[in-house]
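Trainee: File follows, my_file-v2.pdb with PDB, C-alpha atoms:
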ATOM      1  CA  MET A 160      39.668 -13.957   1.791
ATOM      2  CA  ASP A 161      42.599 -11.490   1.902
ATOM      3  CA  VAL A 162      45.668 -11.729  -0.360
ATOM      4  CA  GLU A 163      48.757  -9.565  -0.735
ATOM      5  CA  SER A 164      49.023  -7.440  -3.870
ATOM      6  CA  SER A 165      50.335  -4.071  -4.941
ATOM      7  CA  VAL A 166      47.584  -3.541  -7.536
ATOM      8  CA  PRO A 167      46.438   0.059  -6.989
ATOM      9  CA  GLY A 168      42.713   0.746  -7.176
ATOM     10  CA  ALA A 169      40.883  -1.146  -9.917
ATOM     11  CA  GLY A 170      44.144  -2.754 -11.004
ATOM     12  CA  SER A 171      42.664  -5.425 -13.229
ATOM     13  CA  PRO A 172      42.009  -4.509 -16.869
ATOM     14  CA  PHE A 173      39.168  -7.051 -16.793
ATOM     15  CA  VAL A 174      36.872  -5.150 -14.396
ATOM     16  CA  ASN A 175      33.282  -5.059 -15.745
ATOM     17  CA  ARG A 176      34.098  -7.701 -18.356
ATOM     18  CA  ILE A 177      32.521 -11.150 -18.642
ATOM     19  CA  MET A 178      35.132 -13.798 -17.861
ATOM     20  CA  ALA A 179      35.179 -17.612 -17.790
ATOM     21  CA  PRO A 180      36.357 -20.128 -15.155
ATOM     22  CA  GLY A 181      40.160 -20.375 -15.147
ATOM     23  CA  ASP A 182      40.712 -16.921 -16.630
ATOM     24  CA  VAL A 183      43.490 -15.056 -14.798
ATOM     25  CA  VAL A 184      42.312 -11.570 -13.846
ATOM     26  CA  LEU A 185      45.000 -10.348 -11.422
ATOM     27  CA  ASP A 186      48.779 -10.745 -11.144
ATOM     28  CA  LEU A 187      50.136 -10.768  -7.587
ATOM     29  CA  THR A 188      53.823 -10.702  -8.433
ATOM     30  CA  LYS A 189      54.077  -6.933  -7.877
ATOM     31  CA  ALA A 190      52.781  -7.261  -4.332
ATOM     32  CA  SER A 191      52.220  -4.959  -1.346
ATOM     33  CA  ASN A 192      48.558  -4.056  -0.781
ATOM     34  CA  VAL A 193      45.953  -6.377   0.693
ATOM     35  CA  LEU A 194      43.121  -7.302  -1.644
ATOM     36  CA  ARG A 195      39.809  -8.716  -0.493
ATOM     37  CA  LEU A 196      38.449 -11.468  -2.728
ATOM     38  CA  GLY A 197      34.747 -12.213  -2.839
ATOM     39  CA  SER A 198      32.796 -15.029  -4.467
ATOM     40  CA  GLY A 199      33.898 -16.403  -7.820
ATOM     41  CA  LEU A 200      37.654 -15.855  -7.349
ATOM     42  CA  ARG A 201      40.535 -17.965  -6.056
ATOM     43  CA  GLN A 202      44.272 -17.576  -5.639
ATOM     44  CA  ASP A 203      46.357 -19.783  -7.912
ATOM     45  CA  GLY A 204      50.022 -19.233  -7.062
ATOM     46  CA  ASP A 205      50.826 -15.644  -7.997
ATOM     47  CA  ASN A 206      47.563 -15.175  -9.862
ATOM     48  CA  ILE A 207      43.906 -14.593  -9.081
ATOM     49  CA  ALA A 208      41.654 -16.688 -11.302
ATOM     50  CA  MET A 209      37.918 -16.974 -11.963
ATOM     51  CA  THR A 210      35.990 -19.952 -10.605
ATOM     52  CA  LYS A 211      32.689 -19.240 -12.413
ATOM     53  CA  VAL A 212      31.314 -17.392 -15.413
ATOM     54  CA  GLY A 213      30.446 -13.800 -14.621
ATOM     55  CA  ARG A 214      31.391 -10.145 -14.635
ATOM     56  CA  LEU A 215      34.473  -9.127 -12.615
ATOM     57  CA  GLN A 216      33.536  -6.346 -10.178
ATOM     58  CA  PHE A 217      35.643  -3.969  -8.102
ATOM     59  CA  LYS A 218      34.776  -1.767  -5.126
ATOM     60  CA  LYS A 219      37.170   0.725  -3.583
ATOM     61  CA  PRO A 220      39.483   0.440  -1.868
ATOM     62  CA  ASN A 221      40.386  -3.192  -2.431
ATOM     63  CA  LYS A 222      37.530  -5.637  -3.025
ATOM     64  CA  TYR A 223      37.092  -7.847  -6.093
ATOM     65  CA  TRP A 224      34.293 -10.314  -6.733
ATOM     66  CA  VAL A 225      32.386 -11.968  -9.580
ATOM     67  CA  GLU A 226      28.800 -10.986 -10.309
ATOM     68  CA  GLY A 227      27.347 -14.167 -11.736
ATOM     69  CA  SER A 228      24.195 -14.836 -13.724
ATOM     70  CA  GLN A 229      22.334 -16.604 -10.950
ATOM     71  CA  LYS A 230      18.661 -15.833 -10.352
ATOM     72  CA  ARG A 231      18.781 -16.803  -6.671
ATOM     73  CA  TYR A 232      18.213 -13.743  -4.516
ATOM     74  CA  ILE A 233      19.204 -13.307  -0.863
ATOM     75  CA  PRO A 234      17.664 -10.154   0.685
ATOM     76  CA  ASN A 235      19.936  -7.516   2.207
ATOM     77  CA  THR A 236      19.006  -4.388   4.139
ATOM     78  CA  GLU A 237      18.513  -1.340   1.883
ATOM     79  CA  ASP A 238      18.082  -3.428  -1.270
ATOM     80  CA  VAL A 239      15.462  -2.072  -3.644
ATOM     81  CA  VAL A 240      13.202  -4.893  -4.828
ATOM     82  CA  LEU A 241      10.233  -5.533  -7.041
ATOM     83  CA  GLY A 242       7.643  -7.628  -5.248
ATOM     84  CA  ILE A 243       4.331  -9.308  -6.009
ATOM     85  CA  VAL A 244       1.566  -9.325  -3.384
ATOM     86  CA  VAL A 245       0.553 -12.923  -2.582
ATOM     87  CA  ASP A 246      -1.671 -12.399   0.480
ATOM     88  CA  ARG A 247      -3.251  -9.722   2.647
ATOM     89  CA  ARG A 248      -3.280 -10.254   6.391
ATOM     90  CA  PHE A 249      -4.088  -8.193   9.446
ATOM     91  CA  GLU A 250      -2.114  -4.941   9.141
ATOM     92  CA  MET A 251       0.309  -6.265   6.535
ATOM     93  CA  PHE A 252       0.756  -7.553   2.995
ATOM     94  CA  VAL A 253       2.670 -10.745   2.237
ATOM     95  CA  VAL A 254       5.004 -10.171  -0.713
ATOM     96  CA  ASP A 255       6.991 -12.506  -2.963
ATOM     97  CA  ILE A 256      10.417 -10.951  -3.655
ATOM     98  CA  GLY A 257      12.010 -14.106  -5.062
ATOM     99  CA  GLY A 258      13.923 -14.899  -1.874
ATOM    100  CA  PRO A 259      13.943 -18.048   0.261
ATOM    101  CA  THR A 260      10.855 -16.780   2.148
ATOM    102  CA  TYR A 261       8.081 -14.279   1.597
ATOM    103  CA  ALA A 262       8.526 -10.734   2.902
ATOM    104  CA  SER A 263       6.132  -8.718   5.043
ATOM    105  CA  LEU A 264       5.019  -5.194   4.153
ATOM    106  CA  PRO A 265       3.197  -3.330   6.957
ATOM    107  CA  MET A 266       0.123  -1.464   5.690
ATOM    108  CA  LEU A 267       1.438   1.696   7.353
ATOM    109  CA  ALA A 268       4.774   1.504   5.499
ATOM    110  CA  PHE A 269       3.578   3.875   2.761
ATOM    111  CA  GLU A 270       3.802   7.658   2.574
ATOM    112  CA  GLY A 271       0.728   9.183   4.215
ATOM    113  CA  ALA A 272      -0.707   5.838   5.315
ATOM    114  CA  THR A 273      -2.864   5.788   8.466
ATOM    115  CA  ARG A 274      -5.046   3.152  10.076
ATOM    116  CA  ARG A 275      -8.017   4.727   8.294
ATOM    117  CA  ASN A 276      -6.174   5.204   5.001
ATOM    118  CA  THR A 277      -4.168   2.214   3.814
ATOM    119  CA  PRO A 278      -3.372   1.102   0.242
ATOM    120  CA  ASN A 279      -5.882  -1.288  -1.267
ATOM    121  CA  LEU A 280      -3.445  -3.704  -2.904
ATOM    122  CA  GLN A 281      -4.866  -6.887  -4.362
ATOM    123  CA  VAL A 282      -3.173 -10.270  -4.716
ATOM    124  CA  GLY A 283      -1.007 -10.157  -7.840
ATOM    125  CA  ALA A 284      -0.246  -6.431  -7.563
ATOM    126  CA  ALA A 285       3.335  -5.411  -8.333
ATOM    127  CA  LEU A 286       5.164  -2.923  -6.132
ATOM    128  CA  TYR A 287       8.569  -1.315  -5.727
ATOM    129  CA  ALA A 288       9.932  -1.453  -2.191
ATOM    130  CA  ARG A 289      12.956  -1.128   0.040
ATOM    131  CA  VAL A 290      14.216  -3.919   2.332
ATOM    132  CA  VAL A 291      14.391  -2.544   5.885
ATOM    133  CA  LYS A 292      14.970  -5.783   7.783
ATOM    134  CA  ALA A 293      16.873  -8.826   6.534
ATOM    135  CA  HIS A 294      18.164 -11.651   8.695
ATOM    136  CA  ARG A 295      18.532 -15.348   7.990
ATOM    137  CA  ASP A 296      16.373 -16.278  10.989
ATOM    138  CA  ILE A 297      13.371 -14.034  10.224
ATOM    139  CA  ASP A 298      11.308 -13.125   7.184
ATOM    140  CA  PRO A 299      12.455  -9.905   5.504
ATOM    141  CA  GLU A 300      10.436  -6.717   6.028
ATOM    142  CA  LEU A 301       9.740  -4.137   3.339
ATOM    143  CA  CYS A 302       8.861  -0.456   3.256
ATOM    144  CA  CYS A 303       7.461   1.686   0.427
ATOM    145  CA  THR A 304       9.173   4.913   1.498
ATOM    146  CA  ASP A 305      12.712   6.211   1.649
ATOM    147  CA  ALA A 306      14.496   6.833   4.967
ATOM    148  CA  SER A 307      12.726  10.208   5.337
ATOM    149  CA  GLY A 308       9.255   8.707   4.913
ATOM    150  CA  LYS A 309       8.701   9.944   1.348
ATOM    151  CA  ALA A 310       7.445   7.716  -1.457
ATOM    152  CA  ALA A 311      10.481   8.582  -3.653
ATOM    153  CA  GLY A 312       9.368   6.232  -6.433
ATOM    154  CA  PHE A 313       8.406   3.370  -4.117
ATOM    155  CA  GLY A 314       4.884   1.928  -4.014
ATOM    156  CA  PRO A 315       2.425   0.163  -6.357
ATOM    157  CA  LEU A 316       3.412  -0.263 -10.013
ATOM    158  CA  ASN A 317       0.355   0.112 -12.222
ATOM    159  CA  GLY A 318       0.183  -1.484 -15.661
ATOM    160  CA  GLY A 319       3.344  -2.442 -17.460
ATOM    161  CA  TYR A 320       5.135  -5.768 -17.654
ATOM    162  CA  VAL A 321       7.390  -7.547 -15.154
ATOM    163  CA  LEU A 322      10.329  -9.518 -16.526
ATOM    164  CA  GLU A 323      12.833 -11.651 -14.671
ATOM    165  CA  CYS A 324      16.591 -11.506 -15.181
ATOM    166  CA  SER A 325      19.735 -12.486 -13.294
ATOM    167  CA  THR A 326      20.630 -10.561 -10.151
ATOM    168  CA  GLY A 327      23.900  -9.629 -11.863
ATOM    169  CA  LEU A 328      22.104  -7.939 -14.750
ATOM    170  CA  ALA A 329      19.788  -6.159 -12.318
ATOM    171  CA  ARG A 330      22.756  -4.618 -10.503
ATOM    172  CA  VAL A 331      24.247  -3.464 -13.811
ATOM    173  CA  LEU A 332      20.944  -1.800 -14.735
ATOM    174  CA  LEU A 333      20.931  -0.011 -11.366
ATOM    175  CA  SER A 334      24.541   1.143 -11.593
ATOM    176  CA  LYS A 335      25.772   4.630 -12.418
ATOM    177  CA  PRO A 336      26.522   5.956 -14.942
ATOM    178  CA  THR A 337      23.448   4.695 -16.806
ATOM    179  CA  SER A 338      23.952   1.261 -18.332
ATOM    180  CA  PRO A 339      24.612   1.298 -22.109
ATOM    181  CA  VAL A 340      21.392  -0.542 -22.998
ATOM    182  CA  LEU A 341      19.184   1.890 -21.065
ATOM    183  CA  GLU A 342      21.116   4.850 -22.437
ATOM    184  CA  ALA A 343      20.612   3.624 -26.008
ATOM    185  CA  LEU A 344      16.911   2.907 -25.469
ATOM    186  CA  GLY A 345      16.316   6.266 -23.783
ATOM    187  CA  LYS A 346      17.620   8.165 -26.807
ATOM    188  CA  SER A 347      14.852   6.805 -29.046
ATOM    189  CA  LEU A 348      11.994   5.618 -26.841
ATOM    190  CA  SER A 349       9.824   6.889 -24.009
ATOM    191  CA  PHE A 350       9.220   4.370 -21.224
ATOM    192  CA  GLU A 351       9.187   3.889 -17.464
ATOM    193  CA  ILE A 352      11.336   1.337 -15.682
ATOM    194  CA  ALA A 353      11.846   0.059 -12.139
ATOM    195  CA  VAL A 354      14.694  -2.371 -11.437
ATOM    196  CA  GLY A 355      14.859  -4.581  -8.359
ATOM    197  CA  MET A 356      18.063  -6.099  -7.026
ATOM    198  CA  ASN A 357      16.071  -9.326  -6.790
ATOM    199  CA  GLY A 358      16.278  -9.798 -10.569
ATOM    200  CA  ARG A 359      12.924  -8.318 -11.563
ATOM    201  CA  VAL A 360      12.348  -5.404 -13.892
ATOM    202  CA  TRP A 361       9.093  -3.493 -14.465
ATOM    203  CA  VAL A 362       8.703  -1.856 -17.861
ATOM    204  CA  ASN A 363       5.828   0.409 -18.861
ATOM    205  CA  ALA A 364       5.346   2.229 -22.165
ATOM    206  CA  ALA A 365       2.548   3.768 -24.209
ATOM    207  CA  THR A 366       2.391   0.774 -26.538
ATOM    208  CA  THR A 367       2.794  -2.958 -26.106
ATOM    209  CA  ALA A 368       5.327  -2.997 -28.954
ATOM    210  CA  THR A 369       7.612  -0.548 -27.126
ATOM    211  CA  THR A 370       7.297  -2.495 -23.873
ATOM    212  CA  ILE A 371       8.300  -5.713 -25.650
ATOM    213  CA  LEU A 372      11.214  -4.042 -27.454
ATOM    214  CA  VAL A 373      12.608  -2.571 -24.226
ATOM    215  CA  SER A 374      12.202  -5.890 -22.395
ATOM    216  CA  ASN A 375      13.953  -7.856 -25.153
ATOM    217  CA  ALA A 376      16.806  -5.345 -25.329
ATOM    218  CA  ILE A 377      17.387  -5.587 -21.580
ATOM    219  CA  LEU A 378      17.457  -9.395 -21.610
ATOM    220  CA  ASN A 379      19.745  -9.465 -24.677
ATOM    221  CA  SER A 380      22.253  -7.048 -23.130
ATOM    222  CA  GLU A 381      23.687  -9.126 -20.303
ATOM    223  CA  PHE A 382      26.792 -10.523 -21.974
ATOM    224  CA  LEU A 383      27.383  -7.772 -24.539
ATOM    225  CA  THR A 384      29.960  -4.995 -24.452
ATOM    226  CA  ALA A 385      28.774  -1.374 -24.367
ATOM    227  CA  ALA A 386      29.317  -1.020 -28.120
ATOM    228  CA  GLN A 387      27.489  -4.274 -28.827
ATOM    229  CA  GLN A 388      24.549  -3.136 -26.694
ATOM    230  CA  HIS A 389      24.170   0.070 -28.723
ATOM    231  CA  ILE A 390      24.302  -1.901 -31.985
ATOM    232  CA  MET A 391      21.778  -4.440 -30.692
ATOM    233  CA  VAL A 392      19.318  -1.685 -29.708
ATOM    234  CA  GLN A 393      19.633  -0.025 -33.120
ATOM    235  CA  LYS A 394      18.879  -3.341 -34.844
ATOM    236  CA  LEU A 395      15.779  -3.875 -32.687
ATOM    237  CA  LEU A 396      14.595  -0.351 -33.454
ATOM    238  CA  GLN A 397      15.091  -0.877 -37.182
ATOM    239  CA  LYS A 398      13.127  -4.145 -37.121
ATOM    240  CA  SER A 399      10.245  -2.451 -35.283
ATOM    241  CA  GLN A 400       9.806   0.241 -37.927
TER     242      GLN A 400
END
Let me see the file written as structure tokens.
Mentor:
Amino acid sequence: MDVESSVPGAGSPFVNRIMAPGDVVLDLTKASNVLRLGSGLRQDGDNIAMTKVGRLQFKKPNKYWVEGSQKRYIPNTEDVVLGIVVDRRFEMFVVDIGGPTYASLPMLAFEGATRRNTPNLQVGAALYARVVKAHRDIDPELCCTDASGKAAGFGPLNGGYVLECSTGLARVLLSKPTSPVLEALGKSLSFEIAVGMNGRVWVNAATTATTILVSNAILNSEFLTAAQQHIMVQKLLQKSQ
């Protein structure tokens, strides 16, 4: 949907804030530029209002949308996802990525893989992958390398704990600069993390207590401001001592 507005750049002061249905986030009375409205927004006279609970997002030059808290995931090409192996078939693994259908992962889609040397992934194994094919009429296809064929962090995830969150929170965790909750945790704790756009997060640390603390902090952070996230992490750290 396109609407006329003169709002330059990220013109709404509510970008990256959690808003409720009916909240007015943009004023169109100063009009001249065309804005593109995505899901979660509607035009109400001279205003743009929210239609669902979520975080208002903006992408240059002119797109606004609402990142909701839904857990439903629709695969898109180049998404990074966290999958669970559910079957092993001839020359491919079948992987659950939380979408409408399972995804396929060719056994040769790993750095250095050959027909004589393929990963020995068992059912239940977690892995970090990239979506290379996504279309509504076919099952998505995954790859455990970057575009140049290097592993680049993709592949099996050994140990650790997999938690599920909303796709909106996952995108915040993947955004740059580093999200406040991960920044606060990283100042005091040592841990590994892999975040999938499909609303799954892998956390691995030296102790179970640290893994649980990091996981709880991530899940608690979704509807908190940056300052509140830092305070929440400090409280969790104090309780763990």
Trainee: Just the number, please: distance in Å from atom CA of Pro172 of chain A to atom CA of Leu333 of chain A, one decimal.
Mentor: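 Answer for the atom CA of Pro172 of chain A to atom CA of Leu333 of chain A separation: 22.2 Å.
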Trainee: Which polymer residues have any atom within 8 Å of an atom of Val244 of chain A, counting all atoms listed in the file, with same-chain residues fewer than 4 positions away left out, as a list of chain:residue names?
Mentor: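 So the residues in contact are A:Phe252, A:Val253, A:Val254, A:Asp255, A:Leu280, A:Gln281, A:Val282, A:Gly283, A:Ala284, A:Ala285, A:Leu286.
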Trainee: Which residues would end up in the selection if the PyMOL selection byres ((chain A and resi 340-343) around 9) were applied here, given that I need the answer as a ChimeraX atom specification?
Mentor: /A:332,337-339,344-348,373,376-377,380,385,388-393
Trainee: Write the residues of the preceding selection, restricted to C-alpha atoms, as a PDB file, keeping the file's coordinate frame.
Mentor:
ATOM      1  CA  LEU A 332      20.944  -1.800 -14.735  1.00  0.00           C
ATOM      2  CA  THR A 337      23.448   4.695 -16.806  1.00  0.00           C
ATOM      3  CA  SER A 338      23.952   1.261 -18.332  1.00  0.00           C
ATOM      4  CA  PRO A 339      24.612   1.298 -22.109  1.00  0.00           C
ATOM      5  CA  LEU A 344      16.911   2.907 -25.469  1.00  0.00           C
ATOM      6  CA  GLY A 345      16.316   6.266 -23.783  1.00  0.00           C
ATOM      7  CA  LYS A 346      17.620   8.165 -26.807  1.00  0.00           C
ATOM      8  CA  SER A 347      14.852   6.805 -29.046  1.00  0.00           C
ATOM      9  CA  LEU A 348      11.994   5.618 -26.841  1.00  0.00           C
ATOM     10  CA  VAL A 373      12.608  -2.571 -24.226  1.00  0.00           C
ATOM     11  CA  ALA A 376      16.806  -5.345 -25.329  1.00  0.00           C
ATOM     12  CA  ILE A 377      17.387  -5.587 -21.580  1.00  0.00           C
ATOM     13  CA  SER A 380      22.253  -7.048 -23.130  1.00  0.00           C
ATOM     14  CA  ALA A 385      28.774  -1.374 -24.367  1.00  0.00           C
ATOM     15  CA  GLN A 388      24.549  -3.136 -26.694  1.00  0.00           C
ATOM     16  CA  HIS A 389      24.170   0.070 -28.723  1.00  0.00           C
ATOM     17  CA  ILE A 390      24.302  -1.901 -31.985  1.00  0.00           C
ATOM     18  CA  MET A 391      21.778  -4.440 -30.692  1.00  0.00           C
ATOM     19  CA  VAL A 392      19.318  -1.685 -29.708  1.00  0.00           C
ATOM     20  CA  GLN A 393      19.633  -0.025 -33.120  1.00  0.00           C
TER      21      GLN A 393
END
Trainee: Just give me the gap between atom CA of Arg214 of chain A and atom CA of Leu196 of chain A in Å, one decimal is fine.
Mentor: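 Result for atom CA of Arg214 of chain A versus atom CA of Leu196 of chain A: 13.9 Å, one decimal.
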Trainee: If we count only C-alpha atoms, what is near Gly213 of chain A at a cut-off of 9 Å, once residues fewer than 5 positions away on the same chain are taken out, given as a list in words?
Mentor: Arg176, Ile177, Met178, Ala179, Pro180, Gly199, Val225, Glu226, Gly227, Ser228, Gly327 and Phe382 of chain A
Trainee: The PyMOL selection byres ((chain A and resi 304) around 10) on the file shown: which residues, as a tab-separated table (two decimals) with C-alpha atoms, in the coordinates of the input?
Mentor:
chain	number	residue	atom	x	y	z
A	268	ALA	CA	4.77	1.50	5.50
A	269	PHE	CA	3.58	3.88	2.76
A	270	GLU	CA	3.80	7.66	2.57
A	271	GLY	CA	0.73	9.18	4.22
A	287	TYR	CA	8.57	-1.32	-5.73
A	288	ALA	CA	9.93	-1.45	-2.19
A	289	ARG	CA	12.96	-1.13	0.04
A	301	LEU	CA	9.74	-4.14	3.34
A	302	CYS	CA	8.86	-0.46	3.26
A	303	CYS	CA	7.46	1.69	0.43
A	305	ASP	CA	12.71	6.21	1.65
A	306	ALA	CA	14.50	6.83	4.97
A	307	SER	CA	12.73	10.21	5.34
A	308	GLY	CA	9.26	8.71	4.91
A	309	LYS	CA	8.70	9.94	1.35
A	310	ALA	CA	7.44	7.72	-1.46
A	311	ALA	CA	10.48	8.58	-3.65
A	312	GLY	CA	9.37	6.23	-6.43
A	313	PHE	CA	8.41	3.37	-4.12
A	314	GLY	CA	4.88	1.93	-4.01
Trainee: Please identify all polymer residues within 12 Å of Thr326 of chain A, counting all atoms listed in the file, omitting same-chain residues fewer than 4 positions from it, and present them as a ChimeraX atom specification.
Mentor: /A:213-214,225-234,238-241,257-258,330-333,354-360,378,381
Trainee: For a test of reading the model, state the distance in Å between atom CA of Val290 of chain A and atom CA of Ala329 of chain A, rounded to one decimal.
Mentor: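 About the pair atom CA of Val290 of chain A and atom CA of Ala329 of chain A: they are 15.8 Å apart.
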Trainee: Can you pull out every residue within 9 Å of Glu300 of chain A, counting only C-alpha atoms, but drop anything in the same chain fewer than 4 positions away, and send it as a list in words?
Mentor: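 What passes the distance filter is Ala262, Ser263, Leu264, Pro265, Arg289, Val290, Val291, Lys292 and Ala293 of chain A.
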